[in-house]
$ cat target-v3.tsv   # TSV, C-alpha atoms and all ligand atoms
chain	number	residue	atom	x	y	z
E	261	MET	CA	19.74	77.05	17.71
E	262	GLN	CA	20.18	79.71	20.39
E	263	LYS	CA	22.04	82.83	19.28
E	264	THR	CA	24.34	84.87	21.46
E	265	SER	CA	26.78	87.69	20.87
E	266	LEU	CA	29.58	86.30	23.04
E	267	LEU	CA	30.00	82.72	24.14
E	268	ILE	CA	32.56	82.01	26.83
E	269	ILE	CA	33.69	78.41	27.30
E	270	GLY	CA	34.85	77.81	30.87
E	271	GLN	CA	33.56	78.81	34.26
E	272	GLY	CA	36.94	79.25	35.91
E	273	PRO	CA	38.63	82.51	36.92
E	274	ALA	CA	39.42	83.46	33.29
E	275	GLY	CA	35.92	82.79	31.94
E	276	LEU	CA	34.14	84.44	34.86
E	277	SER	CA	36.37	87.50	34.78
E	278	ALA	CA	35.68	87.85	31.03
E	279	ALA	CA	31.94	87.40	31.67
E	280	ILE	CA	31.94	90.18	34.30
E	281	TYR	CA	33.56	92.66	31.91
E	282	ALA	CA	31.52	91.68	28.84
E	283	ALA	CA	28.12	91.54	30.53
E	284	ARG	CA	28.83	94.78	32.39
E	285	ALA	CA	29.58	96.42	29.01
E	286	GLY	CA	26.13	95.37	27.80
E	287	VAL	CA	27.25	92.47	25.59
E	288	GLN	CA	24.90	89.49	25.56
E	289	THR	CA	27.07	86.87	27.26
E	290	LEU	CA	26.58	83.13	27.70
E	291	VAL	CA	29.06	81.06	29.73
E	292	LEU	CA	29.17	77.28	29.22
E	293	GLY	CA	31.24	75.32	31.73
E	294	CYS	CA	30.97	73.68	35.12
E	295	ALA	CA	32.81	74.25	38.40
E	296	PRO	CA	36.57	74.26	37.71
E	297	LYS	CA	39.03	72.02	39.57
E	298	VAL	CA	40.09	74.84	41.87
E	299	ALA	CA	36.48	75.27	43.11
E	300	GLY	CA	37.01	72.85	45.97
E	301	ASP	CA	38.07	73.08	49.56
E	302	TYR	CA	41.46	74.56	48.66
E	303	GLU	CA	42.97	77.52	50.51
E	304	ILE	CA	43.91	80.26	48.06
E	305	ASP	CA	46.62	82.19	49.83
E	306	ASN	CA	48.11	84.33	47.08
E	307	TYR	CA	45.13	86.01	45.44
E	308	PHE	CA	45.00	89.77	45.86
E	309	GLY	CA	42.59	91.12	48.47
E	310	PHE	CA	42.10	88.12	50.77
E	311	PRO	CA	44.56	88.49	53.69
E	312	GLU	CA	42.90	85.63	55.59
E	313	THR	CA	42.87	83.34	52.49
E	314	ILE	CA	39.72	82.29	50.66
E	315	SER	CA	38.62	78.84	49.54
E	316	GLY	CA	38.63	78.09	45.81
E	317	LYS	CA	34.94	77.25	46.08
E	318	GLU	CA	34.03	80.59	47.62
E	319	LEU	CA	36.10	82.53	45.11
E	320	ILE	CA	34.38	80.82	42.17
E	321	ASP	CA	30.92	81.17	43.79
E	322	ARG	CA	31.52	84.88	44.25
E	323	GLY	CA	32.76	85.32	40.67
E	324	THR	CA	29.74	83.43	39.35
E	325	LYS	CA	27.27	85.60	41.29
E	326	GLN	CA	29.08	88.76	40.21
E	327	ALA	CA	28.90	87.79	36.51
E	328	GLN	CA	25.22	86.87	36.89
E	329	ARG	CA	24.50	90.22	38.57
E	330	PHE	CA	25.58	91.97	35.37
E	331	GLY	CA	23.38	89.70	33.25
E	332	ALA	CA	25.71	86.90	32.11
E	333	GLU	CA	23.92	83.59	31.66
E	334	ILE	CA	25.89	80.68	33.11
E	335	ARG	CA	25.11	77.06	32.34
E	336	CYS	CA	26.89	73.91	33.44
E	337	GLU	CA	27.15	72.39	29.96
E	338	ARG	CA	30.16	70.74	28.37
E	339	VAL	CA	31.00	71.89	24.86
E	340	LEU	CA	31.59	69.06	22.39
E	341	SER	CA	32.57	70.91	19.24
E	342	ILE	CA	33.00	74.32	17.62
E	343	HIS	CA	32.79	74.91	13.89
E	344	GLN	CA	32.92	77.97	11.73
E	345	GLY	CA	29.47	78.80	10.37
E	346	GLU	CA	28.28	81.31	7.80
E	347	GLN	CA	28.78	85.08	7.99
E	348	ASP	CA	31.68	84.81	10.44
E	349	ARG	CA	29.53	83.12	13.08
E	350	TYR	CA	30.61	80.12	15.09
E	351	HIS	CA	28.46	77.07	15.77
E	352	VAL	CA	28.94	75.47	19.15
E	353	ARG	CA	27.49	72.13	20.13
E	354	SER	CA	27.21	71.24	23.79
E	355	GLU	CA	25.85	68.17	25.54
E	356	HIS	CA	22.47	69.88	25.74
E	357	GLY	CA	22.12	72.23	22.81
E	358	GLU	CA	23.44	74.12	19.84
E	359	TYR	CA	24.49	77.75	19.81
E	360	GLU	CA	25.52	80.37	17.30
E	361	ALA	CA	27.95	83.00	18.55
E	362	CYS	CA	29.53	86.05	16.99
E	363	ALA	CA	32.60	85.86	19.25
E	364	ILE	CA	34.03	83.17	21.50
E	365	ILE	CA	36.41	83.29	24.45
E	366	LEU	CA	38.14	79.98	25.12
E	367	SER	CA	38.96	79.65	28.82
E	368	THR	CA	38.91	75.90	29.29
E	369	GLY	CA	42.04	75.56	31.43
E	370	VAL	CA	44.46	72.72	30.79
E	371	ALA	CA	43.25	69.17	30.74
E	372	ARG	CA	43.66	66.55	28.15
E	373	VAL	CA	43.16	63.06	29.44
E	374	ARG	CA	45.78	60.79	27.94
E	375	PRO	CA	44.67	57.29	26.96
E	376	GLY	CA	47.74	55.57	28.45
E	377	ILE	CA	49.01	53.81	25.32
E	378	GLY	CA	52.80	53.49	25.46
E	379	ASN	CA	53.60	53.96	21.77
E	380	LEU	CA	50.75	56.39	20.92
E	381	GLN	CA	53.09	59.22	19.91
E	382	GLU	CA	54.79	57.08	17.26
E	383	TYR	CA	51.47	56.89	15.40
E	384	GLU	CA	50.30	60.49	15.74
E	385	GLY	CA	49.64	61.67	12.18
E	386	ARG	CA	50.07	58.06	11.00
E	387	GLY	CA	46.61	56.80	11.91
E	388	VAL	CA	46.17	58.46	15.31
E	389	SER	CA	44.24	61.74	15.29
E	390	TYR	CA	42.70	64.16	17.77
E	391	CYS	CA	40.31	65.78	15.32
E	392	VAL	CA	37.52	64.22	13.27
E	393	SER	CA	36.79	67.34	11.25
E	394	CYS	CA	40.50	67.56	10.31
E	395	ASP	CA	41.29	63.91	9.60
E	396	GLY	CA	37.98	62.04	9.20
E	397	PHE	CA	38.24	62.59	5.43
E	398	PHE	CA	41.45	60.51	5.27
E	399	HIS	CA	39.55	57.56	6.69
E	400	ARG	CA	36.73	57.38	4.16
E	401	GLY	CA	35.28	53.87	4.14
E	402	LYS	CA	37.91	52.64	6.59
E	403	LYS	CA	37.68	50.95	9.96
E	404	VAL	CA	38.15	53.42	12.79
E	405	MET	CA	37.95	53.50	16.57
E	406	VAL	CA	37.18	56.38	18.91
E	407	LEU	CA	38.82	56.18	22.33
E	408	GLY	CA	36.74	57.76	25.05
E	409	GLU	CA	34.05	57.09	27.61
E	410	GLY	CA	31.79	60.14	27.43
E	411	ASN	CA	29.60	62.36	25.26
E	412	PHE	CA	32.64	63.88	23.60
E	413	ALA	CA	33.65	60.46	22.26
E	414	ALA	CA	30.06	59.74	21.20
E	415	ASN	CA	29.85	63.03	19.32
E	416	GLN	CA	33.18	62.36	17.57
E	417	ALA	CA	31.99	58.88	16.56
E	418	LEU	CA	28.74	60.33	15.16
E	419	GLU	CA	30.71	62.97	13.21
E	420	LEU	CA	32.77	60.14	11.68
E	421	LEU	CA	29.59	58.84	10.03
E	422	HIS	CA	30.21	61.48	7.31
E	423	TYR	CA	33.21	59.40	6.26
E	424	THR	CA	32.70	55.77	7.20
E	425	ARG	CA	30.21	53.30	8.71
E	426	GLU	CA	32.90	51.11	10.34
E	427	ILE	CA	33.15	52.87	13.67
E	428	ARG	CA	33.48	51.57	17.20
E	429	ILE	CA	34.05	53.25	20.57
E	430	CYS	CA	36.44	51.87	23.17
E	431	THR	CA	36.33	53.44	26.67
E	432	GLN	CA	39.89	52.46	27.70
E	433	GLY	CA	38.54	50.34	30.56
E	434	LYS	CA	36.42	53.17	31.97
E	435	SER	CA	32.70	52.84	32.62
E	436	VAL	CA	30.53	54.18	29.83
E	437	ASP	CA	29.48	57.73	30.71
E	438	ILE	CA	27.41	58.57	27.64
E	439	ALA	CA	24.03	60.31	27.96
E	440	LEU	CA	21.01	58.21	26.95
E	441	GLU	CA	20.25	60.52	24.03
E	442	PHE	CA	23.73	59.88	22.57
E	443	GLN	CA	23.55	56.15	23.37
E	444	GLU	CA	20.35	55.98	21.35
E	445	LYS	CA	21.98	57.74	18.37
E	446	LEU	CA	24.98	55.38	18.53
E	447	LYS	CA	22.65	52.40	18.60
E	448	GLN	CA	20.73	53.66	15.58
E	449	ALA	CA	24.00	54.18	13.70
E	450	GLY	CA	25.24	50.69	14.66
E	451	ILE	CA	28.27	52.00	16.55
E	452	PRO	CA	29.25	49.54	19.31
E	453	VAL	CA	30.74	50.72	22.61
E	454	ALA	CA	33.16	48.40	24.44
E	455	GLU	CA	34.71	48.90	27.88
E	456	SER	CA	37.96	47.27	26.79
E	457	LYS	CA	41.42	48.78	26.91
E	458	VAL	CA	43.90	49.34	24.08
E	459	VAL	CA	47.48	49.00	25.36
E	460	SER	CA	49.55	49.13	22.19
E	461	LEU	CA	49.36	50.15	18.54
E	462	LEU	CA	50.70	48.02	15.70
E	463	GLY	CA	51.75	48.64	12.11
E	464	THR	CA	54.91	49.45	10.19
E	465	GLU	CA	53.72	51.98	7.57
E	466	GLY	CA	51.24	53.52	9.99
E	467	LEU	CA	48.48	52.16	12.19
E	468	SER	CA	47.14	48.81	11.07
E	469	ALA	CA	45.90	47.21	14.31
E	470	VAL	CA	45.31	47.78	18.01
E	471	GLN	CA	46.28	45.40	20.79
E	472	TYR	CA	44.00	45.02	23.82
E	473	SER	CA	45.02	44.40	27.44
E	474	ASP	CA	44.04	40.69	27.10
E	475	GLY	CA	46.62	40.33	24.30
E	476	THR	CA	44.13	40.10	21.44
E	477	GLU	CA	44.59	42.23	18.34
E	478	GLU	CA	42.08	43.88	16.02
E	479	PRO	CA	42.81	45.38	12.58
E	480	MET	CA	42.25	49.16	12.68
E	481	ASP	CA	43.00	51.93	10.18
E	482	GLY	CA	42.39	54.95	12.36
E	483	LEU	CA	42.24	55.88	16.02
E	484	PHE	CA	40.57	59.09	17.19
E	485	ILE	CA	41.35	60.20	20.74
E	486	ALA	CA	38.40	61.73	22.61
E	487	MET	CA	38.95	60.89	26.27
E	488	GLY	CA	37.14	62.89	28.96
E	489	GLN	CA	35.73	66.18	27.75
E	490	ALA	CA	36.77	68.23	24.75
E	491	SER	CA	39.70	70.51	25.51
E	492	THR	CA	41.04	73.66	23.93
E	493	SER	CA	43.42	71.53	21.85
E	494	ASP	CA	40.43	69.74	20.35
E	495	PHE	CA	38.65	72.99	19.50
E	496	ALA	CA	41.90	74.44	18.16
E	497	ALA	CA	42.43	71.46	15.88
E	498	SER	CA	38.99	71.68	14.29
E	499	LEU	CA	39.07	75.48	13.96
E	500	GLY	CA	42.68	75.70	12.79
E	501	LEU	CA	43.98	77.77	15.70
E	502	VAL	CA	47.72	78.23	15.98
E	503	MET	CA	49.04	76.35	19.00
E	504	ARG	CA	52.29	76.34	20.98
E	505	LYS	CA	52.43	72.71	22.15
E	506	GLN	CA	49.11	72.28	24.02
E	507	PHE	CA	48.59	76.02	24.49
E	508	VAL	CA	46.70	78.47	22.28
E	509	GLU	CA	48.81	81.18	20.69
E	510	VAL	CA	47.38	84.66	21.35
E	511	ASP	CA	48.57	88.22	20.90
E	512	ALA	CA	48.76	90.85	23.63
E	513	GLN	CA	44.97	91.38	23.37
E	514	GLN	CA	44.28	87.62	23.79
E	515	GLN	CA	43.25	87.40	20.13
E	516	THR	CA	43.94	84.07	18.40
E	517	ASN	CA	44.72	83.80	14.69
E	518	LEU	CA	40.96	83.55	13.95
E	519	PRO	CA	38.83	86.71	14.02
E	520	GLY	CA	36.31	86.60	16.84
E	521	ILE	CA	38.08	83.85	18.78
E	522	PHE	CA	39.93	84.87	21.93
E	523	ALA	CA	41.59	82.78	24.63
E	524	ALA	CA	42.51	83.42	28.26
E	525	GLY	CA	43.85	81.70	31.35
E	526	ASP	CA	45.64	78.39	31.70
E	527	CYS	CA	44.79	77.34	28.13
E	528	VAL	CA	47.13	80.11	26.95
E	529	GLY	CA	49.88	78.73	29.18
E	530	ARG	CA	51.72	81.84	30.39
E	531	PHE	CA	51.70	81.51	34.19
E	532	LEU	CA	49.08	79.09	35.48
E	533	GLN	CA	47.72	81.19	38.34
E	534	ILE	CA	44.34	82.66	39.24
E	535	SER	CA	45.54	86.27	39.11
E	536	VAL	CA	46.90	85.79	35.59
E	537	ALA	CA	43.72	84.03	34.43
E	538	VAL	CA	41.58	86.87	35.83
E	539	GLY	CA	43.75	89.50	34.11
E	540	GLU	CA	43.74	87.69	30.79
E	541	GLY	CA	39.97	87.20	31.06
E	542	ALA	CA	39.58	90.98	31.37
E	543	LEU	CA	41.84	91.59	28.35
E	544	ALA	CA	40.02	88.97	26.26
E	545	ALA	CA	36.68	90.54	27.21
E	546	ARG	CA	37.88	94.00	26.23
E	547	ALA	CA	38.93	92.74	22.79
E	548	ALA	CA	35.72	90.70	22.41
E	549	ILE	CA	33.52	93.67	23.41
E	550	GLU	CA	35.18	95.80	20.74
E	551	TYR	CA	34.82	93.00	18.17
E	552	VAL	CA	31.15	92.36	18.94
E	553	LYS	CA	30.20	96.03	18.95
E	554	LYS	CA	32.03	96.72	15.67
E	555	LEU	CA	31.44	93.57	13.66
E	556	CYS	CA	28.36	91.71	14.82
E	557	ALA	CA	25.30	92.88	12.92
E	558	LYS	CA	22.45	93.97	15.12
E	559	THR	CA	19.99	91.14	15.46
E	560	SER	CA	17.14	90.51	17.82
E	561	ASP	CA	19.66	88.47	19.85
E	562	ASN	CA	22.15	91.35	19.95
E	563	PRO	CA	20.04	94.38	20.77
E	601	LIG	C1	43.81	72.15	43.44
E	601	LIG	C2	44.32	73.41	42.84
E	601	LIG	C3	44.79	74.44	43.65
E	601	LIG	C4	45.27	75.61	43.10
E	601	LIG	N1	45.72	76.60	43.92
E	601	LIG	C5	46.06	77.82	43.39
E	601	LIG	C6	46.42	78.90	44.26
E	601	LIG	O1	46.51	78.76	45.48
E	601	LIG	N2	46.72	80.09	43.67
E	601	LIG	C7	46.66	80.30	42.31
E	601	LIG	O2	46.87	81.41	41.85
E	601	LIG	N3	46.34	79.26	41.49
E	601	LIG	C8	46.04	78.05	41.99
E	601	LIG	N4	45.72	76.99	41.15
E	601	LIG	C9	45.78	77.20	39.68
E	601	LIG	C10	44.51	77.93	39.23
E	601	LIG	O3	43.41	77.23	39.72
E	601	LIG	C11	44.45	78.06	37.73
E	601	LIG	O4	45.59	78.75	37.26
E	601	LIG	C12	43.17	78.80	37.33
E	601	LIG	O5	42.03	78.18	37.85
E	601	LIG	C13	43.08	78.89	35.82
E	601	LIG	O6	41.86	79.45	35.48
E	601	LIG	P1	41.17	79.15	34.07
E	601	LIG	O7	39.88	79.90	34.11
E	601	LIG	O8	42.12	79.42	32.99
E	601	LIG	O9	40.92	77.58	34.03
E	601	LIG	P2	40.17	76.61	35.03
E	601	LIG	O10	40.05	77.20	36.39
E	601	LIG	O11	40.87	75.30	34.91
E	601	LIG	O12	38.71	76.49	34.45
E	601	LIG	C14	38.48	75.81	33.27
E	601	LIG	C15	36.99	75.83	33.01
E	601	LIG	O13	36.75	75.31	31.71
E	601	LIG	C16	35.69	74.39	31.77
E	601	LIG	N5	35.80	73.45	30.64
E	601	LIG	C17	36.84	72.68	30.26
E	601	LIG	N6	36.53	71.98	29.15
E	601	LIG	C18	35.25	72.34	28.83
E	601	LIG	C19	34.35	71.96	27.80
E	601	LIG	N7	34.66	71.08	26.86
E	601	LIG	N8	33.11	72.52	27.80
E	601	LIG	C20	32.74	73.42	28.74
E	601	LIG	N9	33.56	73.81	29.74
E	601	LIG	C21	34.79	73.28	29.77
E	601	LIG	C22	35.81	73.74	33.14
E	601	LIG	O14	34.57	73.13	33.51
E	601	LIG	C23	36.14	74.99	33.97
E	601	LIG	O15	34.95	75.67	34.26
E	601	LIG	C24	45.25	75.79	41.68
E	601	LIG	C25	44.78	74.76	40.87
E	601	LIG	C26	44.30	73.60	41.43
E	601	LIG	C27	43.77	72.50	40.53
$ encode --input "target-v3.tsv" --output "structure tokens" --more "lines below"
Ligand SMILES: Cc1cc2nc3c(=O)[nH]c(=O)nc-3n(C[C@H](O)[C@H](O)[C@H](O)COP(=O)(O)OP(=O)(O)OC[C@H]3O[C@@H](n4cnc5c(N)ncnc54)[C@H](O)[C@@H]3O)c2cc1C
Amino acid sequence: MQKTSLLIIGQGPAGLSAAIYAARAGVQTLVLGCAPKVAGDYEIDNYFGFPETISGKELIDRGTKQAQRFGAEIRCERVLSIHQGEQDRYHVRSEHGEYEACAIILSTGVARVRPGIGNLQEYEGRGVSYCVSCDGFFHRGKKVMVLGEGNFAANQALELLHYTREIRICTQGKSVDIALEFQEKLKQAGIPVAESKVVSLLGTEGLSAVQYSDGTEEPMDGLFIAMGQASTSDFAASLGLVMRKQFVEVDAQQQTNLPGIFAAGDCVGRFLQISVAVGEGALAARAAIEYVKKLCAKTSDNP
């Protein structure tokens, strides 16, 4: 497991801004995240200092190089889960590795892919869950389904093995996008993956069955939503972060309710703009720098 002082999740304006401040202050900084949505051929007309406009791609490229110049390590890796470890450290699992961090800045933007099931909301908390580490326990020995097409869904399904063996993955009609390594683990655990689509949920006292697009029904006790990649809401659910709808609640220093966990940018939901994300990234970094320097014991990874 690789150790780092500060782990930033997200390579958008908030994450990169935080990385620039933290790395420049001498804090060992690792950024996990790939090019954000705005890093395309979009004209950014309202960001300070570019009278002739700048493309989203160029702005992100420049921010990335700037953070790297100060020593931040940036990897295009999607984070699958975060859990609290021992001695106030956090364990982060990505598609490619495992990390231990003293402090974390969440800057994952806003994106939760909805599965497109009409009556899903009716069953939230009554069989439908977004968090295996929160609700897996309630499904001990029961039959459960994970909805999702990628590594996030695969990881959630594998985590469910702590509670039950009756697990299946349904991709909601999408093509399977699970790395071979995860596919192998699913196979070994006997977890089938189907490219079918659930359109409706059934049950009076709570979820008891799912209905597929071809009209067939299958008894089901639990449904775990893990479409696309893990979002801040998923991390918040497993860590116990206070949320305001889909946004993370933070104080004026971008501190969440958990020590060592900060959040910045769109995932905080104040004003979804680059300038705000950059400013909040700087504030989150300032708080994280102070936290790391005061509270993280000196280790060989935190010289
Ligand atoms: C097409 C478009 C045009 C826009 N135009 C403007 C504009 O002109 N002016 C303006 O001010 N704003 C504009 N915006 C809004 C602006 O882009 C956002 O407010 C800003 O990018 C938010 O920054 P952020 O760092 O919070 O999140 P994002 O930029 O959304 O970055 C999120 C980062 O998190 C990463 N991530 C997410 N989940 C995971 C995970 N599980 N593991 C690892 N990484 C993860 C993503 O890969 C990405 O790197 C535009 C947005 C879009 C989509």
$ closest_atom_pairs --input "target-v3.tsv" --of "chain E" --to "ligand LIG 601 (chain E)" --cutoff "7 Å" --atoms "only C-alpha atoms and all ligand atoms" --output "Markdown table"
| residue | atom | partner | partner_atom | distance |
| --- | --- | --- | --- | --- |
| E:Ile269 | CA | E:LIG601 | N9 | 5.2 |
| E:Gly270 | CA | E:LIG601 | O13 | 3.3 |
| E:Gln271 | CA | E:LIG601 | O15 | 3.4 |
| E:Gly272 | CA | E:LIG601 | O7 | 3.5 |
| E:Pro273 | CA | E:LIG601 | O7 | 4.0 |
| E:Ala274 | CA | E:LIG601 | O7 | 3.7 |
| E:Gly275 | CA | E:LIG601 | O7 | 5.4 |
| E:Leu292 | CA | E:LIG601 | C20 | 5.3 |
| E:Gly293 | CA | E:LIG601 | N9 | 3.4 |
| E:Cys294 | CA | E:LIG601 | O14 | 4.0 |
| E:Ala295 | CA | E:LIG601 | O15 | 4.9 |
| E:Pro296 | CA | E:LIG601 | C23 | 3.8 |
| E:Lys297 | CA | E:LIG601 | C27 | 4.9 |
| E:Val298 | CA | E:LIG601 | C26 | 4.4 |
| E:Tyr302 | CA | E:LIG601 | C3 | 6.0 |
| E:Glu303 | CA | E:LIG601 | O1 | 6.3 |
| E:Ile304 | CA | E:LIG601 | O1 | 4.0 |
| E:Asp305 | CA | E:LIG601 | O1 | 5.5 |
| E:Asn306 | CA | E:LIG601 | N2 | 5.6 |
| E:Tyr307 | CA | E:LIG601 | O2 | 6.1 |
| E:Glu337 | CA | E:LIG601 | C20 | 5.8 |
| E:Arg338 | CA | E:LIG601 | N8 | 3.5 |
| E:Val339 | CA | E:LIG601 | N8 | 3.7 |
| E:Leu340 | CA | E:LIG601 | N7 | 5.8 |
| E:Ser367 | CA | E:LIG601 | O8 | 5.2 |
| E:Thr368 | CA | E:LIG601 | O13 | 3.3 |
| E:Gly369 | CA | E:LIG601 | O9 | 3.5 |
| E:Val370 | CA | E:LIG601 | O11 | 6.0 |
| E:Gln489 | CA | E:LIG601 | N7 | 5.1 |
| E:Ala490 | CA | E:LIG601 | N7 | 4.1 |
| E:Ser491 | CA | E:LIG601 | N6 | 5.0 |
| E:Ala524 | CA | E:LIG601 | O8 | 6.2 |
| E:Gly525 | CA | E:LIG601 | O8 | 3.3 |
| E:Asp526 | CA | E:LIG601 | O8 | 3.9 |
| E:Cys527 | CA | E:LIG601 | O8 | 5.9 |
| E:Leu532 | CA | E:LIG601 | O4 | 3.9 |
| E:Gln533 | CA | E:LIG601 | O4 | 3.4 |
| E:Ile534 | CA | E:LIG601 | O2 | 3.8 |
| E:Ser535 | CA | E:LIG601 | O2 | 5.7 |
| E:Ala537 | CA | E:LIG601 | O6 | 5.1 |
$ atom_distance --input "target-v3.tsv" --atom1 "CA of Phe397 in chain E" --atom2 "CA of Leu418 in chain E"
13.8 Å
$ atom_distance --input "target-v3.tsv" --atom1 "CA of Lys457 in chain E" --atom2 "CA of Gln432 in chain E"
4.1 Å
$ atom_distance --input "target-v3.tsv" --atom1 "CA of Lys553 in chain E" --atom2 "CA of Val536 in chain E"
25.7 Å
$ residues_around --input "target-v3.tsv" --residues "range 475-480 of chain E" --least-positions-apart "5" --cutoff "9 Å" --atoms "only C-alpha atoms" --output "list in words"
Gly387, Lys402, Lys403, Val404, Met405, Val459, Leu462, Leu467, Ser468, Ala469 and Val470 of chain E
$ closest_residue --input "target-v3.tsv" --among "E:Ile365, E:Ala454, E:Val388, E:Ala371" --to "Glu409 in chain E" --atoms "only C-alpha atoms"
E:Ala454
$ closest_residue --input "target-v3.tsv" --among "E:Val287, E:Ala512, E:Ala414, E:Ile314" --to "Gly488 in chain E" --atoms "all atoms listed in the file"
E:Ala414
$ closest_residue --input "target-v3.tsv" --among "E:Ala547, E:Cys430, E:Val508, E:Ile280" --to "Ala332 in chain E" --atoms "only C-alpha atoms"
E:Ile280
$ closest_atom_pairs --input "target-v3.tsv" --of "range 435-496 of chain E" --to "range 342-352 of chain E" --cutoff "10 Å" --atoms "all atoms listed in the file" --output "JSON lines"
{"residue": "E:Asp494", "atom": "CA", "partner": "E:Ile342", "partner_atom": "CA", "distance": 9.1}
{"residue": "E:Phe495", "atom": "CA", "partner": "E:Ile342", "partner_atom": "CA", "distance": 6.1}
{"residue": "E:Ala496", "atom": "CA", "partner": "E:Ile342", "partner_atom": "CA", "distance": 8.9}
$ residues_near_point --input "target-v3.tsv" --point "(44.7, 69.0, 21.2)" --cutoff "12 Å" --atoms "only C-alpha atoms" --output "JSON, numbers by chain"
{"E": [370, 371, 372, 373, 374, 384, 389, 390, 391, 392, 394, 484, 485, 486, 487, 489, 490, 491, 492, 493, 494, 495, 496, 497, 498, 499, 500, 501, 502, 503, 504, 505, 506, 507, 508, 527]}
$ closest_residue --input "target-v3.tsv" --among "E:Val552, E:Ala282, E:Ala363, E:Ile429" --to "Leu446 in chain E" --atoms "all atoms listed in the file"
E:Ile429
$ residues_around --input "target-v3.tsv" --residues "Arg425 in chain E" --least-positions-apart "2" --cutoff "7 Å" --atoms "all atoms listed in the file" --output "PyMOL selection string"
chain E and resi 401+421+427
